[in-house]
Structures are given as structure tokens and as C-alpha cells.
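Data block for final00.cif (mmCIF, C-alpha atoms):
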```
data_protein
#
loop_
_atom_site.label_atom_id
_atom_site.label_comp_id
_atom_site.auth_asym_id
_atom_site.auth_seq_id
_atom_site.Cartn_x
_atom_site.Cartn_y
_atom_site.Cartn_z
CA MET A 24 -5.74 -33.15 -43.37
CA LEU A 25 -6.77 -35.07 -40.24
CA LYS A 26 -4.52 -37.96 -41.26
CA LEU A 27 -1.61 -35.55 -41.79
CA PHE A 28 -2.15 -33.95 -38.38
CA THR A 29 -2.40 -37.36 -36.73
CA SER A 30 0.79 -38.49 -38.45
CA LEU A 31 2.70 -35.38 -37.37
CA ALA A 32 1.46 -35.71 -33.81
CA ALA A 33 2.48 -39.34 -33.71
CA THR A 34 5.94 -38.49 -35.07
CA ALA A 35 6.38 -35.78 -32.44
CA ALA A 36 5.30 -38.14 -29.69
CA ILE A 37 7.73 -40.81 -30.84
CA ALA A 38 10.55 -38.26 -30.95
CA LEU A 39 9.69 -37.10 -27.43
CA ILE A 40 9.62 -40.64 -26.09
CA SER A 41 12.85 -41.48 -27.91
CA GLY A 42 14.54 -38.38 -26.50
CA SER A 43 13.41 -39.21 -22.98
CA ALA A 44 14.55 -42.81 -23.33
CA PHE A 45 17.91 -41.61 -24.64
CA ALA A 46 18.32 -39.27 -21.68
CA GLN A 47 17.42 -42.03 -19.22
CA GLY A 48 20.16 -44.26 -20.61
CA TYR A 49 22.67 -41.43 -20.97
CA PRO A 50 25.59 -41.68 -20.64
CA GLU A 51 26.34 -45.14 -21.97
CA ARG A 52 30.01 -44.43 -22.76
CA SER A 53 32.74 -41.98 -21.91
CA ILE A 54 32.27 -38.25 -22.48
CA THR A 55 34.87 -35.89 -23.91
CA MET A 56 35.16 -32.48 -22.26
CA VAL A 57 37.19 -30.09 -24.39
CA VAL A 58 39.36 -27.45 -22.73
CA PRO A 59 40.28 -24.84 -25.37
CA PHE A 60 43.65 -24.14 -23.74
CA ALA A 61 46.90 -25.95 -23.00
CA ALA A 62 47.21 -28.52 -20.24
CA GLY A 63 48.38 -27.23 -16.87
CA GLY A 64 46.72 -23.82 -17.11
CA PRO A 65 44.05 -22.44 -14.74
CA THR A 66 41.05 -23.51 -16.84
CA ASP A 67 42.55 -26.97 -17.31
CA THR A 68 42.94 -27.29 -13.53
CA VAL A 69 39.30 -26.36 -12.92
CA THR A 70 38.11 -28.73 -15.65
CA ARG A 71 39.98 -31.76 -14.38
CA LEU A 72 38.66 -31.29 -10.85
CA VAL A 73 35.06 -31.00 -12.02
CA ALA A 74 35.36 -33.79 -14.61
CA GLU A 75 36.63 -36.23 -11.99
CA SER A 76 33.73 -35.55 -9.65
CA MET A 77 31.07 -35.58 -12.40
CA SER A 78 32.46 -38.88 -13.71
CA LYS A 79 31.71 -40.53 -10.37
CA ASP A 80 28.14 -39.25 -10.41
CA LEU A 81 27.41 -40.12 -14.05
CA GLY A 82 29.01 -43.55 -13.89
CA GLN A 83 31.09 -42.90 -17.00
CA GLN A 84 34.50 -41.31 -17.37
CA ILE A 85 34.76 -37.74 -18.59
CA ILE A 86 37.95 -37.51 -20.61
CA VAL A 87 39.55 -34.06 -20.71
CA GLU A 88 40.90 -33.11 -24.13
CA ASN A 89 43.06 -30.00 -24.54
CA VAL A 90 42.50 -28.24 -27.86
CA GLY A 91 44.48 -25.03 -27.54
CA GLY A 92 44.93 -22.30 -30.11
CA ALA A 93 43.37 -19.07 -31.37
CA GLY A 94 42.52 -17.80 -27.90
CA GLY A 95 40.18 -20.68 -27.15
CA THR A 96 38.16 -20.39 -30.36
CA LEU A 97 39.70 -23.51 -31.93
CA GLY A 98 38.41 -25.79 -29.18
CA ALA A 99 35.06 -24.01 -29.06
CA SER A 100 34.68 -24.42 -32.81
CA GLN A 101 35.39 -28.14 -32.55
CA VAL A 102 32.62 -28.60 -30.01
CA ALA A 103 30.19 -26.43 -31.98
CA LYS A 104 30.60 -28.80 -34.93
CA ALA A 105 30.36 -32.02 -32.87
CA ASP A 106 27.35 -34.34 -32.82
CA PRO A 107 24.71 -33.00 -30.40
CA ASP A 108 24.49 -36.25 -28.45
CA GLY A 109 25.91 -35.17 -25.10
CA TYR A 110 29.22 -36.95 -25.58
CA THR A 111 31.24 -33.87 -26.51
CA LEU A 112 31.24 -30.91 -24.10
CA LEU A 113 33.15 -27.65 -23.74
CA LEU A 114 34.43 -26.03 -20.56
CA HIS A 115 35.39 -22.46 -21.43
CA HIS A 116 36.06 -19.33 -19.41
CA ILE A 117 35.13 -15.66 -19.89
CA GLY A 118 36.81 -15.82 -23.31
CA MET A 119 33.58 -17.36 -24.59
CA ALA A 120 31.99 -13.92 -24.18
CA THR A 121 34.90 -11.71 -25.19
CA SER A 122 35.73 -13.63 -28.37
CA ALA A 123 32.45 -12.37 -29.84
CA THR A 124 34.06 -8.92 -30.10
CA LEU A 125 37.76 -9.77 -29.96
CA TYR A 126 37.72 -11.86 -33.15
CA ARG A 127 36.59 -10.18 -36.34
CA LYS A 128 35.51 -13.54 -37.79
CA LEU A 129 34.43 -16.51 -35.72
CA PRO A 130 33.59 -19.94 -37.17
CA TYR A 131 30.54 -20.11 -34.89
CA ASP A 132 27.83 -17.85 -33.49
CA THR A 133 28.74 -17.36 -29.82
CA LEU A 134 25.21 -16.99 -28.47
CA ASN A 135 23.48 -19.48 -30.76
CA ALA A 136 25.91 -22.32 -31.52
CA PHE A 137 25.69 -24.03 -28.12
CA GLU A 138 23.34 -25.41 -25.52
CA TYR A 139 24.06 -24.39 -21.93
CA VAL A 140 24.82 -26.69 -19.00
CA GLY A 141 25.83 -24.33 -16.19
CA LEU A 142 28.36 -22.06 -14.51
CA VAL A 143 31.19 -23.78 -12.67
CA THR A 144 33.06 -21.07 -10.79
CA ASP A 145 34.05 -17.43 -10.92
CA VAL A 146 37.80 -17.11 -10.36
CA PRO A 147 39.20 -13.78 -9.13
CA MET A 148 42.22 -12.21 -10.79
CA THR A 149 45.38 -10.91 -9.17
CA ILE A 150 47.56 -8.01 -10.27
CA VAL A 151 51.09 -9.30 -9.81
CA ALA A 152 54.65 -8.26 -10.65
CA LYS A 153 58.16 -9.65 -10.62
CA LYS A 154 59.50 -10.11 -7.11
CA ASP A 155 61.75 -7.04 -7.04
CA PHE A 156 59.38 -4.57 -8.72
CA GLU A 157 59.71 -1.17 -7.05
CA PRO A 158 56.12 -0.18 -6.04
CA THR A 159 54.98 -1.49 -2.66
CA ASP A 160 51.18 -1.20 -3.01
CA LEU A 161 48.53 -0.86 -5.72
CA LYS A 162 48.20 2.91 -5.39
CA GLY A 163 51.96 3.24 -5.76
CA LEU A 164 51.90 0.80 -8.67
CA VAL A 165 49.40 2.89 -10.61
CA GLU A 166 51.45 6.04 -10.04
CA TYR A 167 54.66 4.28 -11.03
CA VAL A 168 53.13 2.76 -14.16
CA LYS A 169 51.77 6.11 -15.33
CA ALA A 170 55.17 7.74 -14.83
CA ASN A 171 57.13 4.95 -16.54
CA ALA A 172 54.65 3.55 -19.06
CA ASP A 173 57.16 3.36 -21.91
CA LYS A 174 59.52 1.17 -19.86
CA ILE A 175 57.04 -1.34 -18.42
CA THR A 176 56.03 -4.68 -19.93
CA LEU A 177 52.71 -6.39 -19.26
CA ALA A 178 52.69 -10.14 -19.93
CA ASN A 179 49.72 -12.27 -20.94
CA ALA A 180 49.08 -15.85 -22.00
CA GLY A 181 48.02 -14.89 -25.53
CA ILE A 182 45.23 -13.05 -27.31
CA GLY A 183 41.92 -13.94 -25.72
CA ALA A 184 43.46 -15.44 -22.58
CA ALA A 185 42.17 -14.37 -19.17
CA SER A 186 45.41 -12.51 -18.48
CA HIS A 187 45.06 -10.62 -21.78
CA LEU A 188 41.51 -9.54 -20.91
CA CYS A 189 42.45 -8.49 -17.38
CA GLY A 190 45.45 -6.60 -18.73
CA MET A 191 43.22 -4.66 -21.13
CA LEU A 192 40.86 -3.82 -18.30
CA PHE A 193 43.77 -2.63 -16.12
CA MET A 194 45.08 -0.32 -18.86
CA SER A 195 41.55 0.96 -19.44
CA GLU A 196 41.02 1.71 -15.74
CA ILE A 197 44.30 3.61 -15.31
CA LYS A 198 44.00 5.16 -18.79
CA THR A 199 47.59 4.22 -19.61
CA PRO A 200 48.65 1.97 -22.51
CA LEU A 201 51.56 -0.39 -21.84
CA THR A 202 53.77 -2.63 -23.94
CA THR A 203 52.03 -6.01 -23.85
CA VAL A 204 53.96 -9.24 -24.30
CA PRO A 205 51.79 -12.17 -25.43
CA TYR A 206 52.98 -15.73 -24.75
CA LYS A 207 51.77 -19.10 -25.95
CA GLY A 208 50.18 -20.10 -22.68
CA THR A 209 50.11 -19.22 -19.00
CA GLY A 210 53.15 -21.35 -18.14
CA PRO A 211 55.68 -19.46 -20.30
CA ALA A 212 54.27 -16.10 -19.20
CA MET A 213 54.60 -16.99 -15.52
CA THR A 214 58.09 -18.40 -16.08
CA ASP A 215 59.30 -15.10 -17.50
CA LEU A 216 57.59 -13.12 -14.72
CA LEU A 217 59.35 -15.31 -12.15
CA GLY A 218 62.60 -14.77 -14.01
CA GLY A 219 62.16 -11.00 -14.18
CA GLN A 220 62.04 -10.83 -17.98
CA VAL A 221 58.66 -9.04 -17.79
CA ASP A 222 57.30 -6.67 -15.17
CA LEU A 223 53.57 -7.21 -14.68
CA MET A 224 50.75 -9.66 -15.26
CA CYS A 225 47.10 -9.91 -14.26
CA ASP A 226 46.10 -13.54 -13.95
CA GLN A 227 43.73 -15.93 -12.21
CA THR A 228 44.25 -16.94 -8.59
CA THR A 229 44.33 -20.54 -9.81
CA ASN A 230 47.66 -19.69 -11.43
CA THR A 231 49.16 -17.17 -9.00
CA THR A 232 48.20 -18.15 -5.44
CA LYS A 233 51.04 -20.64 -4.99
CA GLN A 234 53.66 -18.16 -6.21
CA ILE A 235 52.22 -15.31 -4.11
CA LYS A 236 52.27 -17.45 -0.97
CA GLY A 237 55.80 -18.57 -1.80
CA GLY A 238 56.99 -15.00 -2.19
CA THR A 239 58.32 -15.58 -5.70
CA ILE A 240 56.12 -12.82 -7.18
CA LYS A 241 54.68 -9.63 -5.70
CA ALA A 242 50.89 -9.22 -5.39
CA TYR A 243 49.17 -5.83 -5.49
CA GLY A 244 45.48 -6.64 -5.47
CA VAL A 245 42.69 -9.16 -6.04
CA THR A 246 39.73 -8.34 -8.27
CA SER A 247 37.11 -9.85 -5.95
CA ALA A 248 34.56 -7.91 -3.87
CA LYS A 249 36.26 -8.95 -0.65
CA ARG A 250 39.64 -10.30 0.39
CA LEU A 251 40.26 -13.99 -0.20
CA ASP A 252 40.75 -16.50 2.59
CA ALA A 253 43.62 -17.97 0.61
CA LEU A 254 45.33 -14.55 0.31
CA PRO A 255 44.21 -12.54 3.35
CA ASP A 256 47.08 -10.04 3.13
CA VAL A 257 46.35 -9.05 -0.47
CA PRO A 258 43.91 -6.09 -0.64
CA THR A 259 41.03 -5.86 -3.09
CA VAL A 260 41.38 -3.51 -6.04
CA ALA A 261 38.47 -1.48 -4.67
CA GLU A 262 40.38 -0.88 -1.44
CA ALA A 263 43.16 0.64 -3.50
CA GLY A 264 40.88 2.88 -5.55
CA LEU A 265 40.19 0.80 -8.67
CA PRO A 266 36.58 -0.41 -8.20
CA GLY A 267 36.14 -0.83 -11.95
CA MET A 268 38.73 -3.62 -11.86
CA GLN A 269 36.38 -5.92 -9.98
CA VAL A 270 36.13 -8.88 -12.33
CA GLY A 271 36.15 -12.66 -12.23
CA ILE A 272 37.12 -15.20 -14.84
CA TRP A 273 34.01 -17.35 -14.82
CA HIS A 274 33.87 -20.83 -16.30
CA GLY A 275 30.91 -22.59 -17.88
CA ILE A 276 30.06 -25.91 -19.52
CA TYR A 277 28.46 -26.01 -22.98
CA ALA A 278 27.19 -28.66 -25.41
CA PRO A 279 26.67 -28.46 -29.19
CA LYS A 280 23.44 -26.84 -30.39
CA GLY A 281 20.66 -29.40 -30.63
CA THR A 282 21.76 -31.51 -27.66
CA PRO A 283 18.52 -32.77 -26.04
CA ALA A 284 17.31 -30.68 -23.11
CA GLU A 285 16.98 -33.83 -21.02
CA VAL A 286 20.71 -34.42 -21.48
CA THR A 287 21.80 -30.88 -20.61
CA GLN A 288 19.54 -30.99 -17.55
CA LYS A 289 21.10 -34.28 -16.46
CA LEU A 290 24.57 -32.82 -16.91
CA SER A 291 23.54 -29.70 -15.00
CA GLY A 292 22.29 -31.84 -12.11
CA SER A 293 25.57 -33.74 -12.09
CA LEU A 294 27.50 -30.46 -12.10
CA GLN A 295 25.50 -29.21 -9.11
CA LYS A 296 26.34 -32.40 -7.20
CA ALA A 297 30.01 -32.09 -8.13
CA LEU A 298 30.18 -28.51 -6.86
CA LYS A 299 29.01 -29.74 -3.43
CA ASP A 300 31.79 -32.34 -3.32
CA PRO A 301 33.94 -31.55 -0.23
CA ASP A 302 37.07 -32.27 -2.24
CA ILE A 303 36.04 -29.75 -4.92
CA ILE A 304 35.19 -27.13 -2.31
CA ALA A 305 38.54 -27.64 -0.58
CA ARG A 306 40.57 -27.58 -3.79
CA PHE A 307 38.75 -24.53 -5.10
CA ALA A 308 39.47 -22.77 -1.79
CA GLU A 309 43.16 -23.52 -2.19
CA LEU A 310 42.97 -21.91 -5.62
CA GLY A 311 41.23 -18.81 -4.27
CA THR A 312 37.76 -19.47 -5.65
CA VAL A 313 34.40 -21.00 -4.72
CA PRO A 314 31.92 -23.23 -6.61
CA SER A 315 28.89 -21.71 -8.31
CA THR A 316 25.51 -21.90 -6.58
CA ASP A 317 22.77 -24.29 -7.70
CA ALA A 318 20.97 -21.41 -9.42
CA GLU A 319 24.11 -20.47 -11.34
CA ALA A 320 25.02 -24.05 -12.28
CA THR A 321 22.01 -24.30 -14.61
CA PRO A 322 21.43 -23.71 -18.33
CA ALA A 323 19.52 -20.50 -17.53
CA GLY A 324 22.25 -19.28 -15.17
CA LEU A 325 25.01 -19.74 -17.73
CA LYS A 326 22.95 -18.27 -20.58
CA SER A 327 22.25 -15.12 -18.59
CA LYS A 328 25.91 -14.77 -17.62
CA LEU A 329 27.18 -15.16 -21.18
CA GLU A 330 24.73 -12.64 -22.60
CA SER A 331 25.54 -10.00 -19.98
CA GLU A 332 29.30 -10.50 -20.33
CA VAL A 333 29.22 -10.13 -24.13
CA THR A 334 27.61 -6.74 -23.54
CA ARG A 335 30.01 -5.73 -20.76
CA TRP A 336 33.27 -6.48 -22.58
CA LYS A 337 32.39 -5.12 -26.01
CA PRO A 338 33.25 -1.46 -25.22
CA VAL A 339 36.42 -2.42 -23.30
CA ILE A 340 37.80 -4.40 -26.23
CA GLU A 341 36.78 -1.77 -28.78
CA ALA A 342 38.48 0.95 -26.72
CA ALA A 343 41.71 -1.09 -26.47
CA GLY A 344 41.66 -1.81 -30.20
CA GLN A 345 43.40 -5.17 -29.64
CA TYR A 346 41.60 -7.40 -32.10
CA ALA A 347 42.54 -10.84 -33.38
CA ASP A 348 42.08 -12.04 -36.94
#
```

Let me see the structure of the file written as C-alpha cells.
Amino acid sequence: MLKLFTSLAATAAIALISGSAFAQGYPERSITMVVPFAAGGPTDTVTRLVAESMSKDLGQQIIVENVGGAGGTLGASQVAKADPDGYTLLLHHIGMATSATLYRKLPYDTLNAFEYVGLVTDVPMTIVAKKDFEPTDLKGLVEYVKANADKITLANAGIGAASHLCGMLFMSEIKTPLTTVPYKGTGPAMTDLLGGQVDLMCDQTTNTTKQIKGGTIKAYGVTSAKRLDALPDVPTVAEAGLPGMQVGIWHGIYAPKGTPAEVTQKLSGSLQKALKDPDIIARFAELGTVPSTDAEATPAGLKSKLESEVTRWKPVIEAAGQYAD
């Protein structure tokens, strides 16, 4: 028995030393960071900014790979099945939490199939409309929508997209169902909003700020707690009487389950450095968002956020009844 115990202890010690040695040498080659959405969208923009800065710190290139489809679950599934060696990562938004309820069958267990690296940013949403839409403010918009619900179209970038989630929350808050028009990505949805083919959309500031500033779409409110420096003339939803619409599309970095803790901690440290990069801070400000704090950009910070958001969105999705197969 003593020999068995000694053997097991020795094996554990070797594994610990090997893991530490691996972490010290990590990374020795390029890292792939999967974005579960199409290139050019808001989450892709955030990912590429962070990947560039983290690459400088880690001394190896982080290659961004877009694996779109199935509301982000296709890319997430790919990472869940990858080798847990720290060379395949996932940067996903709030859809990581909502997919747990939105999809009747997922190829992975949302809360248990990944290791956590940290939160990246929490992007506010904007309620926007085609340029010539009649209402002039958010209060007027709500009244107009309720009176003309059967004539109004609400665009989104597809089931599970940030704009789909925000749209569901908007309909829930005003207790008025609308005709939703899902697109295959943020780009096509915004194109049709700009062209006047659809009436409304609720999307991230990373995708709408440029158009709002350019006057090509009409903005009614931001879902942040206070007005944004990038959009000082756009009121918060709370100012207009919709406090329940306060929501952000947060982004986090994940690794496959079983990735050594030393590796996720090293990645978390690199993320924290990246989020202090003046270029990142400036670019995020242009997009209407701010980097996460050091406490948030940790495995514990992301884990806590994901768990609380799964709980928050479950009743909203169930009430809307908009499930995906």
C-alpha cells in the first residue's frame, strides 16, 4: 500500500512539474482564437483588436478564425472539442449564456465544457431605426410601435445574435410582439436598415456608432447606465422610461475544458495587459465601450458573469418562445 501511495504521489508530482514547465514555455507557436460569427461584425472587431495586442505580449501570433453559423454554437462547439493545450481559444459574446436556453439541443454543456480566461468588454446596445422613421424620441417610439405593431419590422443578425437578444428584450419590455426579420449576419441587416427595407434594430454600439454619427440611421436610446461619450446626444433607455432595457453585450475568452490552469492564468494576465493598451482603450472608446477591469478579466470574473447571465436570460427567452433547433 505504501508503495502504491508513493507511486501515485510521484506521478502527481511529475504531472504538476510537467504542467508548470509547459506553462512556462507556453506559447511556443501561434494560437487560434475562434470567433463564432462572420468577419466584419461587432464581435469580430473586438476580437481582432484584443488578439493583436495579446500577440505582442505573448510573443506569438494569435490568428483569428471566423466559424459562423447556428447563432455562434458552431464555433463554440469546435473549441469545446479542441485539444486542451491553450492553442485554441474562443471569444464569444452574451450568446454563450443565452444559447443554453435558446437551443433545445447543444453539442456541449455551456457551463462545464470550457475553462475561463476572462471578460473583455461589455458593449452597450442602441435602439435604432431607418433614417426617416416617424417617431422622434424613445417614448414616442414605444407609443408608435404599440399602435402600429402589425406594420413594423424588427431586424436582427440571426437567431442567437446580439441584435436578436436585444430585440426580444425590447418586445418583452414594451409587451408588444413585432414581426422579426432574421438575416445571416449583422452586415446584411444593417444594409437593409440603411436602405429602409426594415424599420427597427437593436444592435451593439460597435456596429451602429458610425452610422448614428453619420446621420444615416436614427438613434432612440443606448442601453448603458449613463450616456456614452461617443454618443452624447443619445439618451439612455432609463431616461426614456425603459430601465429594464439596460443591458450590455459582454464578451469573454474561453479555452477547452482541461486546459491547464497555469495556461489560462497566463492568458488572463496577457488579456489584462492588452486591456490597458492605449490603442485598445482609444479604439474601444470610438466604438462606444470600455475595457473590462482587472477583476473582471479573470477566470473567476468570467465564470461568475456567465452563470448569472444564464439565469437572467432564461425567463426572457422562454417568454418570447423564440427557440432554435

Separation of CA of Val143 (chain A) from CA of Pro255 (chain A), in Å and rounded to one decimal = 23.5 Å

key: Surrounding residues of Met148 (chain A) excluding itself and chain neighbours under 2 positions, 8 Å, all atoms listed in the file, as a PyMOL selection string   = chain A and resi 146+150+189+225-228+245-247+270-272

query = Evaluating the PyMOL selection byres ((chain A and resi 313) around 12) on the displayed file yields which residues, as number ranges by chain?
reply = A: 69, 142-147, 228-229, 247, 251-253, 271-274, 298-312, 314-316

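Going from CA of Glu262 (chain A) over to CA of Asn171 (chain A), you cover 23.3 Å.
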
ask   = Do you know which residues are at most 9 Å from Asp173 (chain A) counting all atoms listed in the file, after dropping those on the same chain fewer than 4 positions away, and could you put them as a list in words?
value = Val168, Lys169, Pro200, Leu201 and Thr202 of chain A

task = May I ask for the distance between CA of Ile197 (chain A) and CA of Thr96 (chain A), given in Å to one decimal place?
result =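 Going from CA of Ile197 (chain A) over to CA of Thr96 (chain A), I get 29.0 Å.
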
query = From the set A:Gln269, A:Ser195, A:Gly237, A:Leu188, which residue has the shortest atom-to-atom contact distance to Arg250 (chain A), counting only C-alpha atoms?
reply =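 Result for the nearest residue to Arg250 (chain A): A:Gln269.
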
inquiry  = At a cut-off of 9 Å, using all atoms listed in the file, what residues contact Lys79 (chain A)? Leave out same-chain residues fewer than 5 positions from it and give the result as number ranges by chain.
reply    = A: 74, 84, 297

Selected residue, from A:Tyr131, A:Glu330, A:Gln345, A:Lys296, that lies nearest to Lys104 (chain A) when counting only C-alpha atoms = A:Tyr131

Generate the coordinates of N, CA and C atoms for region 257-293 of chain A; report them as a tab-separated table (two decimals), in the coordinates of the input.
```tsv
chain	number	residue	atom	x	y	z
A	257	VAL	N	46.41	-9.76	0.82
A	257	VAL	CA	46.35	-9.05	-0.47
A	257	VAL	C	45.05	-8.25	-0.52
A	258	PRO	N	45.12	-6.91	-0.63
A	258	PRO	CA	43.91	-6.09	-0.64
A	258	PRO	C	43.11	-6.25	-1.92
A	259	THR	N	41.84	-5.87	-1.87
A	259	THR	CA	41.03	-5.86	-3.09
A	259	THR	C	41.39	-4.62	-3.90
A	260	VAL	N	41.10	-4.66	-5.19
A	260	VAL	CA	41.38	-3.51	-6.04
A	260	VAL	C	40.54	-2.31	-5.63
A	261	ALA	N	39.34	-2.57	-5.11
A	261	ALA	CA	38.47	-1.48	-4.67
A	261	ALA	C	39.08	-0.74	-3.49
A	262	GLU	N	39.72	-1.50	-2.58
A	262	GLU	CA	40.38	-0.88	-1.44
A	262	GLU	C	41.45	0.11	-1.89
A	263	ALA	N	42.06	-0.18	-3.00
A	263	ALA	CA	43.16	0.64	-3.50
A	263	ALA	C	42.70	1.70	-4.50
A	264	GLY	N	41.38	1.81	-4.70
A	264	GLY	CA	40.88	2.88	-5.55
A	264	GLY	C	40.60	2.53	-6.99
A	265	LEU	N	40.50	1.23	-7.31
A	265	LEU	CA	40.19	0.80	-8.67
A	265	LEU	C	38.94	-0.10	-8.67
A	266	PRO	N	37.78	0.42	-8.28
A	266	PRO	CA	36.58	-0.41	-8.20
A	266	PRO	C	36.15	-1.00	-9.54
A	267	GLY	N	36.50	-0.32	-10.63
A	267	GLY	CA	36.14	-0.83	-11.95
A	267	GLY	C	36.91	-2.07	-12.36
A	268	MET	N	37.93	-2.43	-11.57
A	268	MET	CA	38.73	-3.62	-11.86
A	268	MET	C	38.13	-4.88	-11.26
A	269	GLN	N	36.99	-4.75	-10.57
A	269	GLN	CA	36.38	-5.92	-9.98
A	269	GLN	C	35.86	-6.83	-11.09
A	270	VAL	N	36.47	-7.98	-11.23
A	270	VAL	CA	36.13	-8.88	-12.33
A	270	VAL	C	36.55	-10.30	-11.95
A	271	GLY	N	35.80	-11.26	-12.45
A	271	GLY	CA	36.15	-12.66	-12.23
A	271	GLY	C	36.20	-13.39	-13.56
A	272	ILE	N	37.04	-14.38	-13.62
A	272	ILE	CA	37.12	-15.20	-14.84
A	272	ILE	C	36.23	-16.42	-14.62
A	273	TRP	N	34.99	-16.29	-15.04
A	273	TRP	CA	34.01	-17.35	-14.82
A	273	TRP	C	34.17	-18.46	-15.85
A	274	HIS	N	33.77	-19.65	-15.44
A	274	HIS	CA	33.87	-20.83	-16.30
A	274	HIS	C	32.49	-21.48	-16.44
A	275	GLY	N	32.19	-21.94	-17.64
A	275	GLY	CA	30.91	-22.59	-17.88
A	275	GLY	C	31.06	-23.81	-18.76
A	276	ILE	N	30.06	-24.70	-18.70
A	276	ILE	CA	30.06	-25.91	-19.52
A	276	ILE	C	28.98	-25.79	-20.59
A	277	TYR	N	29.35	-26.12	-21.83
A	277	TYR	CA	28.46	-26.01	-22.98
A	277	TYR	C	28.41	-27.34	-23.73
A	278	ALA	N	27.35	-27.50	-24.53
A	278	ALA	CA	27.19	-28.66	-25.41
A	278	ALA	C	26.82	-28.13	-26.79
A	279	PRO	N	27.03	-28.92	-27.84
A	279	PRO	CA	26.67	-28.46	-29.19
A	279	PRO	C	25.18	-28.15	-29.30
A	280	LYS	N	24.84	-27.20	-30.15
A	280	LYS	CA	23.44	-26.84	-30.39
A	280	LYS	C	22.66	-28.06	-30.84
A	281	GLY	N	21.48	-28.25	-30.26
A	281	GLY	CA	20.66	-29.40	-30.63
A	281	GLY	C	20.77	-30.56	-29.65
A	282	THR	N	21.67	-30.47	-28.68
A	282	THR	CA	21.76	-31.51	-27.66
A	282	THR	C	20.44	-31.54	-26.88
A	283	PRO	N	19.83	-32.70	-26.70
A	283	PRO	CA	18.52	-32.77	-26.04
A	283	PRO	C	18.52	-32.09	-24.67
A	284	ALA	N	17.43	-31.38	-24.39
A	284	ALA	CA	17.31	-30.68	-23.11
A	284	ALA	C	17.41	-31.63	-21.93
A	285	GLU	N	16.90	-32.86	-22.11
A	285	GLU	CA	16.98	-33.83	-21.02
A	285	GLU	C	18.44	-34.15	-20.67
A	286	VAL	N	19.29	-34.12	-21.70
A	286	VAL	CA	20.71	-34.42	-21.48
A	286	VAL	C	21.40	-33.26	-20.78
A	287	THR	N	21.15	-32.04	-21.25
A	287	THR	CA	21.80	-30.88	-20.61
A	287	THR	C	21.32	-30.73	-19.17
A	288	GLN	N	20.06	-31.07	-18.92
A	288	GLN	CA	19.54	-30.99	-17.55
A	288	GLN	C	20.21	-32.04	-16.66
A	289	LYS	N	20.43	-33.23	-17.23
A	289	LYS	CA	21.10	-34.28	-16.46
A	289	LYS	C	22.54	-33.89	-16.14
A	290	LEU	N	23.20	-33.29	-17.12
A	290	LEU	CA	24.57	-32.82	-16.91
A	290	LEU	C	24.61	-31.69	-15.89
A	291	SER	N	23.62	-30.81	-15.96
A	291	SER	CA	23.54	-29.70	-15.00
A	291	SER	C	23.36	-30.23	-13.58
A	292	GLY	N	22.50	-31.24	-13.43
A	292	GLY	CA	22.29	-31.84	-12.11
A	292	GLY	C	23.57	-32.48	-11.59
A	293	SER	N	24.30	-33.12	-12.48
A	293	SER	CA	25.57	-33.74	-12.09
A	293	SER	C	26.59	-32.68	-11.69
```
